Structures are given as structure tokens and as C-alpha cells.
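Peer 1: Pasting input-v1.pdb here (PDB, C-alpha atoms):
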```pdb
ATOM      1  CA  MET U   8      70.388  57.748  84.349
ATOM      2  CA  ILE U   9      72.174  60.968  83.524
ATOM      3  CA  LYS U  10      75.891  61.264  82.966
ATOM      4  CA  PRO U  11      77.971  61.979  86.113
ATOM      5  CA  SER U  12      79.244  65.526  86.440
ATOM      6  CA  PRO U  13      82.805  66.074  85.172
ATOM      7  CA  TYR U  14      83.376  68.159  88.292
ATOM      8  CA  LEU U  15      83.728  64.992  90.320
ATOM      9  CA  GLU U  16      87.168  64.585  88.764
ATOM     10  CA  THR U  17      88.050  68.078  87.519
ATOM     11  CA  ALA U  18      87.848  71.421  89.301
ATOM     12  CA  PRO U  19      84.935  73.527  88.018
ATOM     13  CA  LEU U  20      87.038  76.678  87.700
ATOM     14  CA  ALA U  21      90.616  77.827  87.368
ATOM     15  CA  ALA U  22      92.318  81.206  87.470
ATOM     16  CA  GLY U  23      91.632  83.029  84.208
ATOM     17  CA  ASP U  24      88.123  81.607  83.774
ATOM     18  CA  ASN U  25      85.235  83.911  82.909
ATOM     19  CA  VAL U  26      82.340  84.265  85.361
ATOM     20  CA  ARG U  27      79.142  86.239  84.936
ATOM     21  CA  LEU U  28      77.861  87.907  88.101
ATOM     22  CA  ILE U  29      74.092  88.482  88.133
ATOM     23  CA  ALA U  30      71.294  89.496  90.528
ATOM     24  CA  PRO U  31      68.304  87.271  89.651
ATOM     25  CA  SER U  32      66.500  87.996  92.929
ATOM     26  CA  GLY U  33      66.907  90.937  95.306
ATOM     27  CA  PRO U  34      68.765  94.238  94.770
ATOM     28  CA  THR U  35      72.236  95.040  95.994
ATOM     29  CA  ASP U  36      74.164  98.124  97.022
ATOM     30  CA  GLU U  37      77.338  99.388  95.436
ATOM     31  CA  GLU U  38      79.557  98.427  98.381
ATOM     32  CA  SER U  39      78.361  94.823  98.310
ATOM     33  CA  LEU U  40      78.727  94.641  94.539
ATOM     34  CA  GLN U  41      82.279  95.972  94.576
ATOM     35  CA  ARG U  42      83.211  93.661  97.436
ATOM     36  CA  ALA U  43      81.828  90.698  95.484
ATOM     37  CA  ILE U  44      83.731  91.614  92.341
ATOM     38  CA  ALA U  45      86.935  92.077  94.332
ATOM     39  CA  GLN U  46      86.475  88.673  95.977
ATOM     40  CA  LEU U  47      86.038  86.887  92.661
ATOM     41  CA  GLU U  48      88.957  88.746  91.098
ATOM     42  CA  SER U  49      91.163  87.834  94.082
ATOM     43  CA  TRP U  50      90.673  84.214  92.985
ATOM     44  CA  GLY U  51      92.021  85.069  89.536
ATOM     45  CA  LEU U  52      88.612  85.017  87.827
ATOM     46  CA  ARG U  53      87.561  87.423  85.086
ATOM     47  CA  VAL U  54      84.287  88.979  86.209
ATOM     48  CA  VAL U  55      81.587  90.343  83.903
ATOM     49  CA  PRO U  56      78.695  91.896  85.861
ATOM     50  CA  GLY U  57      75.220  91.640  84.374
ATOM     51  CA  GLU U  58      74.006  94.701  82.479
ATOM     52  CA  HIS U  59      71.149  95.228  84.959
ATOM     53  CA  ILE U  60      72.917  94.152  88.146
ATOM     54  CA  ARG U  61      72.434  97.620  89.685
ATOM     55  CA  ALA U  62      68.811  97.911  88.573
ATOM     56  CA  ARG U  63      65.884  98.401  90.933
ATOM     57  CA  HIS U  64      62.300  97.448  90.173
ATOM     58  CA  PRO U  65      60.277 100.640  89.576
ATOM     59  CA  ARG U  66      57.455  99.569  91.910
ATOM     60  CA  VAL U  67      58.665  97.002  94.489
ATOM     61  CA  LYS U  68      61.813  97.436  96.533
ATOM     62  CA  TYR U  69      62.573  93.713  96.948
ATOM     63  CA  LEU U  70      63.425  93.031  93.288
ATOM     64  CA  ALA U  71      66.681  93.822  91.489
ATOM     65  CA  GLY U  72      65.090  95.261  88.373
ATOM     66  CA  THR U  73      62.099  94.060  86.414
ATOM     67  CA  ASP U  74      61.568  90.400  85.605
ATOM     68  CA  ALA U  75      62.574  91.123  82.009
ATOM     69  CA  GLU U  76      65.836  92.783  83.113
ATOM     70  CA  ARG U  77      66.796  90.048  85.539
ATOM     71  CA  ARG U  78      65.863  87.310  83.077
ATOM     72  CA  ALA U  79      67.850  89.015  80.318
ATOM     73  CA  ASP U  80      70.971  89.037  82.511
ATOM     74  CA  LEU U  81      70.473  85.345  83.331
ATOM     75  CA  ASP U  82      69.906  84.403  79.680
ATOM     76  CA  ASP U  83      72.848  86.469  78.442
ATOM     77  CA  ALA U  84      75.172  85.102  81.118
ATOM     78  CA  TRP U  85      74.327  81.454  80.483
ATOM     79  CA  CYS U  86      74.311  81.694  76.679
ATOM     80  CA  ASP U  87      77.571  83.645  76.382
ATOM     81  CA  PRO U  88      80.034  81.202  74.757
ATOM     82  CA  ASP U  89      82.845  82.613  76.922
ATOM     83  CA  THR U  90      81.013  81.959  80.215
ATOM     84  CA  ASP U  91      82.438  79.307  82.526
ATOM     85  CA  ALA U  92      80.164  79.939  85.513
ATOM     86  CA  VAL U  93      77.109  82.044  86.382
ATOM     87  CA  ILE U  94      77.308  83.340  89.943
ATOM     88  CA  ALA U  95      74.334  84.753  91.823
ATOM     89  CA  LEU U  96      75.280  87.878  93.740
ATOM     90  CA  ARG U  97      72.627  87.404  96.431
ATOM     91  CA  GLY U  98      69.214  85.868  97.114
ATOM     92  CA  GLY U  99      66.110  87.481  98.554
ATOM     93  CA  PHE U 100      63.064  86.986  96.359
ATOM     94  CA  GLY U 101      62.304  86.861  92.652
ATOM     95  CA  ALA U 102      64.173  83.997  90.985
ATOM     96  CA  MET U 103      61.043  81.876  90.590
ATOM     97  CA  ARG U 104      59.355  84.734  88.708
ATOM     98  CA  LEU U 105      61.880  84.245  85.899
ATOM     99  CA  LEU U 106      61.307  80.573  85.140
ATOM    100  CA  ASP U 107      58.260  80.627  82.871
ATOM    101  CA  GLY U 108      59.920  83.067  80.472
ATOM    102  CA  ILE U 109      63.170  81.126  80.053
ATOM    103  CA  ASP U 110      63.743  79.308  76.750
ATOM    104  CA  PHE U 111      65.256  76.122  78.133
ATOM    105  CA  ASP U 112      65.837  74.684  74.659
ATOM    106  CA  LEU U 113      68.075  77.685  74.009
ATOM    107  CA  MET U 114      69.746  77.315  77.401
ATOM    108  CA  ARG U 115      70.387  73.632  76.681
ATOM    109  CA  ARG U 116      72.059  74.446  73.361
ATOM    110  CA  HIS U 117      74.398  76.855  75.160
ATOM    111  CA  MET U 118      75.044  74.955  78.386
ATOM    112  CA  LEU U 119      78.566  73.765  77.520
ATOM    113  CA  ARG U 120      81.633  75.886  78.025
ATOM    114  CA  ARG U 121      84.510  76.022  75.574
ATOM    115  CA  ASP U 122      86.174  72.914  77.022
ATOM    116  CA  GLY U 123      82.993  70.846  76.593
ATOM    117  CA  ARG U 124      82.064  70.693  80.281
ATOM    118  CA  PRO U 125      78.756  72.135  81.542
ATOM    119  CA  LYS U 126      78.706  75.698  82.770
ATOM    120  CA  LEU U 127      78.271  76.029  86.540
ATOM    121  CA  LEU U 128      75.460  77.849  88.345
ATOM    122  CA  THR U 129      76.089  78.878  91.969
ATOM    123  CA  GLY U 130      73.973  80.378  94.745
ATOM    124  CA  SER U 131      71.602  79.436  97.561
ATOM    125  CA  SER U 132      68.415  80.543  99.325
ATOM    126  CA  ASP U 133      66.098  82.032  96.649
ATOM    127  CA  ILE U 134      68.408  80.591  93.975
ATOM    128  CA  THR U 135      66.889  77.217  94.936
ATOM    129  CA  ALA U 136      64.307  77.964  92.217
ATOM    130  CA  LEU U 137      67.075  78.060  89.591
ATOM    131  CA  HIS U 138      68.768  74.952  90.987
ATOM    132  CA  GLN U 139      65.480  73.059  90.635
ATOM    133  CA  ALA U 140      64.999  74.322  87.078
ATOM    134  CA  TRP U 141      68.564  73.561  85.995
ATOM    135  CA  ASP U 142      68.229  70.031  87.351
ATOM    136  CA  HIS U 143      64.879  69.414  85.662
ATOM    137  CA  HIS U 144      65.405  71.123  82.294
ATOM    138  CA  LEU U 145      69.176  70.843  81.779
ATOM    139  CA  GLY U 146      70.257  67.913  83.953
ATOM    140  CA  VAL U 147      73.470  69.619  85.090
ATOM    141  CA  ALA U 148      75.039  69.739  88.543
ATOM    142  CA  THR U 149      74.974  73.081  90.365
ATOM    143  CA  LEU U 150      76.578  74.449  93.536
ATOM    144  CA  PHE U 151      74.410  75.431  96.512
ATOM    145  CA  CYS U 152      76.699  77.826  98.383
ATOM    146  CA  PRO U 153      76.883  81.170 100.193
ATOM    147  CA  MET U 154      76.755  84.130  97.807
ATOM    148  CA  VAL U 155      79.513  86.674  97.332
ATOM    149  CA  GLY U 156      77.253  89.702  97.855
ATOM    150  CA  ASN U 157      75.958  88.529 101.244
ATOM    151  CA  ASP U 158      77.187  89.010 104.819
ATOM    152  CA  PRO U 159      78.911  85.604 105.237
ATOM    153  CA  PHE U 160      81.517  86.691 102.678
ATOM    154  CA  LYS U 161      82.111  89.824 104.743
ATOM    155  CA  ASN U 162      81.810  88.450 108.270
ATOM    156  CA  SER U 163      82.768  84.783 108.215
ATOM    157  CA  THR U 164      86.379  83.716 108.590
ATOM    158  CA  VAL U 165      85.697  80.409 106.809
ATOM    159  CA  VAL U 166      83.056  80.944 104.091
ATOM    160  CA  PRO U 167      85.252  82.519 101.371
ATOM    161  CA  ASP U 168      87.864  79.766 101.539
ATOM    162  CA  GLU U 169      85.218  77.050 101.811
ATOM    163  CA  VAL U 170      83.354  78.264  98.718
ATOM    164  CA  ALA U 171      86.642  78.633  96.849
ATOM    165  CA  SER U 172      87.494  75.040  97.684
ATOM    166  CA  TRP U 173      84.360  73.870  95.833
ATOM    167  CA  LEU U 174      85.075  76.120  92.864
ATOM    168  CA  PHE U 175      88.763  75.270  92.476
ATOM    169  CA  ARG U 176      88.938  71.619  93.574
ATOM    170  CA  PRO U 177      87.218  68.470  92.246
ATOM    171  CA  TRP U 178      84.138  67.365  94.177
ATOM    172  CA  GLY U 179      84.495  63.590  94.194
ATOM    173  CA  GLY U 180      85.210  62.037  97.585
ATOM    174  CA  ARG U 181      84.700  65.232  99.595
ATOM    175  CA  GLU U 182      82.761  65.186 102.847
ATOM    176  CA  LEU U 183      79.865  67.631 103.217
ATOM    177  CA  GLY U 184      78.933  69.732 106.216
ATOM    178  CA  PHE U 185      81.113  71.003 109.017
ATOM    179  CA  PRO U 186      84.203  68.921 109.880
ATOM    180  CA  ALA U 187      84.406  66.679 112.941
ATOM    181  CA  VAL U 188      87.840  68.013 113.866
ATOM    182  CA  ASP U 189      89.346  71.255 112.588
ATOM    183  CA  ALA U 190      90.733  73.993 114.796
ATOM    184  CA  ALA U 191      90.156  76.597 112.087
ATOM    185  CA  ARG U 192      86.489  75.890 111.348
ATOM    186  CA  PRO U 193      83.204  75.457 113.228
ATOM    187  CA  LEU U 194      82.804  71.846 114.240
ATOM    188  CA  SER U 195      80.018  69.528 113.195
ATOM    189  CA  ARG U 196      76.808  69.560 115.233
ATOM    190  CA  ALA U 197      75.240  66.913 112.994
ATOM    191  CA  GLN U 198      73.126  64.261 114.625
ATOM    192  CA  THR U 199      71.091  61.299 113.508
ATOM    193  CA  LEU U 200      67.329  61.492 113.960
ATOM    194  CA  VAL U 201      66.506  58.254 112.133
ATOM    195  CA  PRO U 202      69.494  55.927 111.560
ATOM    196  CA  GLY U 203      70.377  54.193 108.329
ATOM    197  CA  SER U 204      72.444  54.524 105.184
ATOM    198  CA  ALA U 205      71.590  55.707 101.693
ATOM    199  CA  LYS U 206      73.074  56.618  98.332
ATOM    200  CA  GLY U 207      71.485  58.954  95.809
ATOM    201  CA  ARG U 208      71.476  62.258  93.945
ATOM    202  CA  LEU U 209      71.579  65.243  96.259
ATOM    203  CA  GLY U 210      68.688  67.631  95.676
ATOM    204  CA  GLY U 211      66.488  70.124  97.452
ATOM    205  CA  GLY U 212      67.453  73.428  99.047
ATOM    206  CA  ASN U 213      65.362  76.101 100.702
ATOM    207  CA  LEU U 214      62.100  74.727 102.120
ATOM    208  CA  SER U 215      60.018  77.837 101.303
ATOM    209  CA  LEU U 216      61.122  77.835  97.665
ATOM    210  CA  ILE U 217      60.502  74.138  97.187
ATOM    211  CA  ALA U 218      57.028  74.441  98.711
ATOM    212  CA  ALA U 219      56.282  77.429  96.479
ATOM    213  CA  GLY U 220      57.262  75.328  93.464
ATOM    214  CA  MET U 221      54.900  72.443  94.150
ATOM    215  CA  GLY U 222      52.785  71.790  91.048
ATOM    216  CA  SER U 223      55.284  73.539  88.768
ATOM    217  CA  PRO U 224      56.919  71.781  85.795
ATOM    218  CA  GLU U 225      60.125  71.450  87.831
ATOM    219  CA  LEU U 226      58.496  69.508  90.682
ATOM    220  CA  ILE U 227      55.363  67.919  89.282
ATOM    221  CA  ASP U 228      56.878  64.517  88.433
ATOM    222  CA  VAL U 229      59.472  63.972  91.148
ATOM    223  CA  ARG U 230      58.545  60.336  91.723
ATOM    224  CA  GLU U 231      58.702  59.488  88.014
ATOM    225  CA  ARG U 232      62.099  61.153  87.740
ATOM    226  CA  ARG U 233      63.326  59.223  90.756
ATOM    227  CA  ASP U 234      62.267  56.004  89.012
ATOM    228  CA  ARG U 235      64.214  57.041  85.891
ATOM    229  CA  ARG U 236      67.302  58.518  87.526
ATOM    230  CA  GLY U 237      67.636  56.466  90.682
ATOM    231  CA  PRO U 238      67.620  57.269  94.420
ATOM    232  CA  ASN U 239      67.539  60.785  95.876
ATOM    233  CA  ILE U 240      68.862  62.308  99.073
ATOM    234  CA  LEU U 241      66.925  65.519  99.744
ATOM    235  CA  MET U 242      68.236  68.543 101.607
ATOM    236  CA  LEU U 243      66.124  71.172 103.416
ATOM    237  CA  GLU U 244      66.890  74.437 105.216
ATOM    238  CA  ASP U 245      65.215  77.784 105.855
ATOM    239  CA  VAL U 246      65.511  81.172 107.559
ATOM    240  CA  ASP U 247      63.171  83.549 109.419
ATOM    241  CA  GLU U 248      60.238  81.136 109.617
ATOM    242  CA  GLU U 249      58.125  80.539 112.721
ATOM    243  CA  LEU U 250      57.377  76.925 113.606
ATOM    244  CA  TYR U 251      53.781  77.153 112.392
ATOM    245  CA  ARG U 252      55.052  78.395 109.025
ATOM    246  CA  LEU U 253      57.494  75.490 108.769
ATOM    247  CA  ASP U 254      54.609  73.193 109.663
ATOM    248  CA  ASN U 255      52.491  74.629 106.853
ATOM    249  CA  LEU U 256      55.355  74.321 104.365
ATOM    250  CA  MET U 257      55.878  70.691 105.305
ATOM    251  CA  VAL U 258      52.155  70.033 104.805
ATOM    252  CA  GLN U 259      52.540  71.376 101.259
ATOM    253  CA  LEU U 260      55.481  69.102 100.505
ATOM    254  CA  VAL U 261      53.909  66.012 102.037
ATOM    255  CA  ARG U 262      50.539  66.516 100.350
ATOM    256  CA  GLY U 263      52.264  67.371  97.076
ATOM    257  CA  GLY U 264      54.224  64.100  97.152
ATOM    258  CA  TRP U 265      57.712  65.610  97.203
ATOM    259  CA  PHE U 266      58.985  63.136  99.764
ATOM    260  CA  THR U 267      57.862  60.142  97.678
ATOM    261  CA  SER U 268      61.148  60.633  95.824
ATOM    262  CA  ALA U 269      63.277  60.682  98.999
ATOM    263  CA  ASP U 270      65.616  57.868 100.031
ATOM    264  CA  ALA U 271      67.016  60.026 102.872
ATOM    265  CA  VAL U 272      66.508  63.556 104.198
ATOM    266  CA  VAL U 273      69.340  65.849 105.289
ATOM    267  CA  LEU U 274      68.411  68.922 107.339
ATOM    268  CA  GLY U 275      70.600  72.019 107.184
ATOM    269  CA  SER U 276      70.371  75.225 109.222
ATOM    270  CA  TRP U 277      67.224  76.915 110.564
ATOM    271  CA  GLU U 278      68.635  80.367 111.202
ATOM    272  CA  ASP U 279      66.224  82.667 113.070
ATOM    273  CA  CYS U 280      63.528  79.996 112.971
ATOM    274  CA  ALA U 281      62.200  78.026 115.935
ATOM    275  CA  PRO U 282      64.694  76.288 118.260
ATOM    276  CA  VAL U 283      66.387  73.392 116.495
ATOM    277  CA  HIS U 284      64.876  70.732 118.760
ATOM    278  CA  GLU U 285      61.384  71.990 117.878
ATOM    279  CA  VAL U 286      62.176  71.906 114.163
ATOM    280  CA  GLU U 287      63.558  68.388 114.497
ATOM    281  CA  ALA U 288      60.425  67.227 116.313
ATOM    282  CA  LEU U 289      58.291  68.733 113.550
ATOM    283  CA  MET U 290      60.301  66.959 110.881
ATOM    284  CA  ILE U 291      59.991  63.630 112.685
ATOM    285  CA  ASP U 292      56.216  64.151 112.930
ATOM    286  CA  TYR U 293      56.034  64.347 109.146
ATOM    287  CA  LEU U 294      58.906  62.143 108.029
ATOM    288  CA  GLY U 295      59.606  59.676 110.816
ATOM    289  CA  SER U 296      57.238  57.045 109.414
ATOM    290  CA  LEU U 297      58.849  56.997 105.952
ATOM    291  CA  GLY U 298      61.438  54.411 106.964
ATOM    292  CA  ILE U 299      64.368  56.430 105.570
ATOM    293  CA  PRO U 300      67.433  57.940 107.277
ATOM    294  CA  ILE U 301      67.020  61.493 108.560
ATOM    295  CA  VAL U 302      69.918  63.601 109.843
ATOM    296  CA  SER U 303      69.968  67.113 111.276
ATOM    297  CA  GLU U 304      72.217  70.151 111.700
ATOM    298  CA  MET U 305      74.391  69.673 108.635
ATOM    299  CA  GLY U 306      74.780  73.461 108.413
ATOM    300  CA  PHE U 307      73.752  74.113 104.798
ATOM    301  CA  GLY U 308      71.727  77.241 104.157
ATOM    302  CA  HIS U 309      71.777  80.417 106.234
ATOM    303  CA  ASP U 310      74.194  79.500 109.017
ATOM    304  CA  PRO U 311      76.705  82.400 109.263
ATOM    305  CA  ASP U 312      79.466  79.906 108.389
ATOM    306  CA  ALA U 313      77.343  77.725 106.081
ATOM    307  CA  PRO U 314      79.165  75.033 104.090
ATOM    308  CA  SER U 315      78.517  74.433 100.394
ATOM    309  CA  ALA U 316      76.842  71.452  98.749
ATOM    310  CA  PRO U 317      76.900  70.347  95.101
ATOM    311  CA  LEU U 318      73.421  69.446  93.850
ATOM    312  CA  GLY U 319      72.709  66.898  91.133
ATOM    313  CA  VAL U 320      75.602  64.606  92.059
ATOM    314  CA  ASP U 321      75.537  61.252  93.815
ATOM    315  CA  VAL U 322      76.296  61.289  97.529
ATOM    316  CA  SER U 323      76.474  58.681 100.284
ATOM    317  CA  LEU U 324      75.026  59.003 103.784
ATOM    318  CA  GLU U 325      76.034  56.936 106.790
ATOM    319  CA  ALA U 326      73.973  57.584 109.906
ATOM    320  CA  GLU U 327      74.617  54.938 112.536
ATOM    321  CA  PRO U 328      72.844  55.047 115.915
ATOM    322  CA  GLY U 329      74.790  57.111 118.428
ATOM    323  CA  GLU U 330      77.420  58.234 115.904
ATOM    324  CA  ARG U 331      77.971  61.466 114.002
ATOM    325  CA  PRO U 332      76.347  61.120 110.575
ATOM    326  CA  ARG U 333      78.600  61.485 107.535
ATOM    327  CA  LEU U 334      77.640  62.678 104.058
ATOM    328  CA  TRP U 335      80.123  62.705 101.189
ATOM    329  CA  VAL U 336      80.225  63.078  97.415
ATOM    330  CA  ASP U 337      80.736  59.826  95.565
ATOM    331  CA  ARG U 338      83.650  59.583  93.182
ATOM    332  CA  ALA U 339      82.887  59.223  89.487
ATOM    333  CA  SER U 340      83.504  55.483  89.561
ATOM    334  CA  GLY U 341      80.852  55.158  92.232
ATOM    335  CA  GLN U 342      78.119  56.782  90.155
ATOM    336  CA  ALA U 343      75.717  55.024  87.845
TER     337      ALA U 343
END
```
Let's see the structure in the file written out as C-alpha cells.
Peer 2:
Amino acid sequence: MIKPSPYLETAPLAAGDNVRLIAPSGPTDEESLQRAIAQLESWGLRVVPGEHIRARHPRVKYLAGTDAERRADLDDAWCDPDTDAVIALRGGFGAMRLLDGIDFDLMRRHMLRRDGRPKLLTGSSDITALHQAWDHHLGVATLFCPMVGNDPFKNSTVVPDEVASWLFRPWGGRELGFPAVDAARPLSRAQTLVPGSAKGRLGGGNLSLIAAGMGSPELIDVRERRDRRGPNILMLEDVDEELYRLDNLMVQLVRGGWFTSADAVVLGSWEDCAPVHEVEALMIDYLGSLGIPIVSEMGFGHDPDAPSAPLGVDVSLEAEPGERPRLWVDRASGQA
């Protein structure tokens, strides 16, 4: 068992903390970068952009600089003794290309901030690759959340405050997903596909990235790690994928044994994918016989108002027949 995250009881960040803003995946434009910096500074954070954050790959337009440039910004940000959090500007594609060149022994030696707590990594979508690596190699909790350089921070009336609440408040005891009742926020559409209850470490992320990582060091021994660490609740979401593509990705995960580590499955958003009822039917085809709770429409991922979710912490799921499922972060006293 690994030690519970201190962020269950203490807020990850406070005004005056130092954050490093990097682009480990796709490129940005100057307007988005300046808007992101202004957002972080409005929270009282001291922002240091990565040296290559404006870079563009010389050959392919979908990468923010070369692998070496993007990896250097990630390494420098994490290993800086003054860093409190490393914040991904946006997703896209490219984070997984960085993993094999990272010296995780070095990252482990530099993973604590000045107050002795672990540094925090934030981001979603393509950043799933980094979340998986940080969990496997470093054993630290991370925050799966909308990214400051993306449209939700510009267009959503709820995303900036919701992300801030996970950065500046402790995590323990908080409910995940959209609220059941709140006049100021989108309301929960969550529903139970297979009823039951479960407790375990929250993991997962973007379906395409997890499938692409099958067979990698980060995902090759998921069942053995589940036996060592305890139960897992796995989260999945995706964007811009036709149903046949989702089907193929699920085949990869099932055949690769990823779900052998699952004690429950939580489905997030499927923005610009097939209709939700078709996605749910597909998931039941593959997962319905596992005998574990499965819930849908929790909102994580690419929903325009997507909520955040801390990964690598223990959560509890209650999914009773005919009732709205509830997922919340356990308090420190409730973790092993």
C-alpha cells in the first residue's frame, strides 16, 4: 500500500505558490497562452512558462516543439526545487512520446516540494499518458482536470471555479462529477448501468491513450499492482471517436487485461462520439459480465463543463438500482 496523498487534508496550492506551465503535447497560440497565464495569476499563483512553450515541431504541426524540447520543459519543471505544481497548458497528441526518455529516478528524487509534500501534476486528455507514468513510477496523486489553455476555460461559466476548487481546497470527502442540485452548475446525468458499491484507488483517463499504452511499462502489470496496492476504480472517457473505434479500443483493453484490475468502472463524457446510449451498450457488451459496478455519464473528460477528478487517491462508489450513483473521495482516515 502506498501512503495516502497529503492533499486529502491540505489544499494542494495557495496564493503565492510557484507553478510551471508547460506544453507536453500539442502547440498553442499566443492568445491562449496569455489567457492561461492570466487565469493562473488571477488565483495568486506565480507562473513560470516552459522555455519551449511557444515552440513548434519543425516537421509536424500537431506537436509543440520536438520531443527533446517538450521533455526538457517537463523535466525542468518537475525538478525545479521551487516548483509546487506542473500544469499542462493543453492536450492534443505527443505526451506518450516523452515517456521513454524520462529519468524517473531523477524525477523521484525531485518530486517533493519545499514543504515536503509531493508536487502536483495537472491536465487531462493526452496528459493521461503522464498521469499513468506518474502513478506507476512515482506513486503520487495527480489531478485530471480541464486545461487552462483550452476552450472550457474561455467558454464555460463553471470550469475555472471548479478547477480552482480542487487546487485550493483539500480533496478528502468531496463528491465527484456534476452535482445533483445546484442552480449555478450543470446537473448530474449520472446513471447506474450495473449496480453495486466499491472502494478503491481512482485511475484511468482517456480511453485512446490507455489503449495506446497497453504493453508499456506503465500498464504491463496492472493486476500485480492491484494485488499489492488494493482495489481500483477505473475511469474512462474519450472524444471524436466513432463507435467502431471505441469498440476496437475496448478490444485492446480487454485482451490486454486492463480490466482485470478493476473493482468498478466509471464512464465520463463521450463528446462528439457515438450517442451515449450506444456507447453504454458497447461498454456493457464488454464489461457487463465482470460482476462489478458500472456507472455512466459522470462528466469527466471533454464535456464543455467537465468536472475534475483526482487520480491515485481512494474513492467510494455507491450505485444502487434506480438511484443516482455517487462517487466521492475518501478522507485520509478512510484510506489504507
Peer 1: Taking the file as shown, find all residues satisfying the PyMOL selection byres ((chain U and resi 74-79) around 9) and write them as a list in words.
Peer 2: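 Selected by the PyMOL selection byres ((chain U and resi 74-79) around 9) here: Ile29, Ala30, Pro31, Ser32, Gly57, Glu58, His59, Ile60, Ala62, His64, Leu70, Ala71, Gly72, Thr73, Asp80, Leu81, Asp82, Asp83, Ala84, Gly101, Ala102, Arg104, Leu105, Leu106, Gly108 and Ile109 of chain U.
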Peer 1: The PyMOL selection byres ((chain U and resi 126) around 10) on the file shown: which residues, as a list in words?
Peer 2: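 Answer for the PyMOL selection byres ((chain U and resi 126) around 10): Pro19, Leu20, Val26, Trp85, Cys86, Pro88, Asp89, Thr90, Asp91, Ala92, Val93, His117, Met118, Leu119, Arg120, Arg121, Asp122, Gly123, Arg124, Pro125, Leu127, Leu128, Val147, Ala148 and Thr149 of chain U.
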Peer 1: Quick check, in Å to one decimal: how far apart do atom CA of U:Glu327 and atom CA of U:Gly203 lie?
Peer 2: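 Computing the Euclidean distance for atom CA of U:Glu327 and atom CA of U:Gly203 yields 6.0 Å.
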Peer 1: Check the smallest atom-to-atom distance from each of U:Asp337, U:Asp247, U:Asp107, U:Glu231 to U:Pro317 using all atoms listed in the file, then report the winner.
Peer 2: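 So, comparing all the options, the nearest one is U:Asp337.
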Peer 1: So, counting all atoms listed in the file, which residue among U:Leu250, U:Ala197, U:Ala190, U:Leu137 is closest to U:Asp279?
Peer 2: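 Of U:Leu250, U:Ala197, U:Ala190, U:Leu137, the one nearest U:Asp279, counting all atoms listed in the file, is U:Leu250.
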Peer 1: Which value, in Å to one decimal, gives the distance between atom CA of U:Glu325 and atom CA of U:Leu209?
Peer 2: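 Atom CA of U:Leu209 lies 14.1 Å from atom CA of U:Glu325.
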